[in-house]
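These notes are about the structure you will find just below.
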Amino acid sequence: MSNHVYKILELTGSSTQGSDDAIKTAIAKASDTVRNIQWFEVLETRGHVKDGKVAHWQVTIKVGFTLE
């Protein structure tokens with residue numbers, strides 16, 4: 001196994017479907033311009049309540065990718 005150096009980004013994804021979908025949205029969008037994404041860590045989960053129900057999720061994550 002070779003040694004790696006990682007760069008870390010902080011992202012916030014959002015979704016009306018749930019926290020998992022918010023994470024997937026953030027990673028998918030970042031993958032459009034960032035290569036070699038290797039891992040993520042959930043930092044914070046928030047939501048918006050409307051009429052007594054969860055209407056929207058926001059999840060802030062750290063994403064690590066290897067440098068070339």
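Each chain of the structure tokens is named A, B, ... in the order shown, its residues numbered from 1; ligands are numbered from 1 in display order.
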
If we count only C-alpha atoms and set the cut-off at 6 Å, which residues sit around Lys62 (chain A), ignoring sequence neighbours fewer than 5 positions away in its own chain? Please answer as an mmCIF file with N, CA and C atoms, in the first residue's frame.
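Dumped to around_33.cif:
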```
data_model
loop_
_atom_site.group_PDB
_atom_site.id
_atom_site.type_symbol
_atom_site.label_atom_id
_atom_site.label_comp_id
_atom_site.auth_asym_id
_atom_site.auth_seq_id
_atom_site.Cartn_x
_atom_site.Cartn_y
_atom_site.Cartn_z
ATOM 1 N N LEU A 9 -12.438 18.862 1.740
ATOM 2 C CA LEU A 9 -13.424 19.898 1.439
ATOM 3 C C LEU A 9 -14.579 19.773 2.415
ATOM 4 N N GLU A 10 -15.223 20.888 2.701
ATOM 5 C CA GLU A 10 -16.448 20.857 3.494
ATOM 6 C C GLU A 10 -17.601 21.234 2.580
ATOM 7 N N PHE A 40 -15.957 10.258 3.277
ATOM 8 C CA PHE A 40 -16.676 11.416 3.813
ATOM 9 C C PHE A 40 -16.949 11.192 5.289
ATOM 10 N N GLU A 41 -17.178 12.308 5.990
ATOM 11 C CA GLU A 41 -17.501 12.293 7.412
ATOM 12 C C GLU A 41 -18.641 13.282 7.637
#
```

**Report entry** Residues within 12 Å of His48 (chain A), only C-alpha atoms, excluding chain neighbours under 2 positions, as a list of chain:residue names
**Finding:** A:Ser14, A:Ser15, A:Thr16, A:Gly18, A:Ser19, A:Thr45, A:Arg46, A:Lys50, A:Asp51, A:Gly52, A:Lys53, A:Val54, A:Ala55, A:His56, A:Trp57, A:Gln58, A:Val59

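Here the DSSP assignment of helix (DSSP H, G or I), based on backbone atoms, applies within chain A to Ser19, Asp20, Asp21, Ala22, Ile23, Lys24, Thr25, Ala26, Ile27, Ala28, Lys29, Ala30 and Ser31 of chain A.
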
Using the selection just defined, write its residues with C-alpha atoms as a tab-separated table (two decimals), in the first residue's frame.
```
chain	number	residue	atom	x	y	z
A	19	SER	CA	-30.28	12.85	5.06
A	20	ASP	CA	-28.78	10.01	2.98
A	21	ASP	CA	-30.00	11.68	-0.20
A	22	ALA	CA	-28.51	15.01	0.93
A	23	ILE	CA	-25.12	13.31	1.35
A	24	LYS	CA	-25.38	11.61	-2.03
A	25	THR	CA	-26.33	14.93	-3.66
A	26	ALA	CA	-23.27	16.69	-2.20
A	27	ILE	CA	-20.86	13.91	-3.23
A	28	ALA	CA	-22.34	13.58	-6.73
A	29	LYS	CA	-22.05	17.34	-7.36
A	30	ALA	CA	-18.48	17.47	-6.02
A	31	SER	CA	-17.56	14.50	-8.24
```
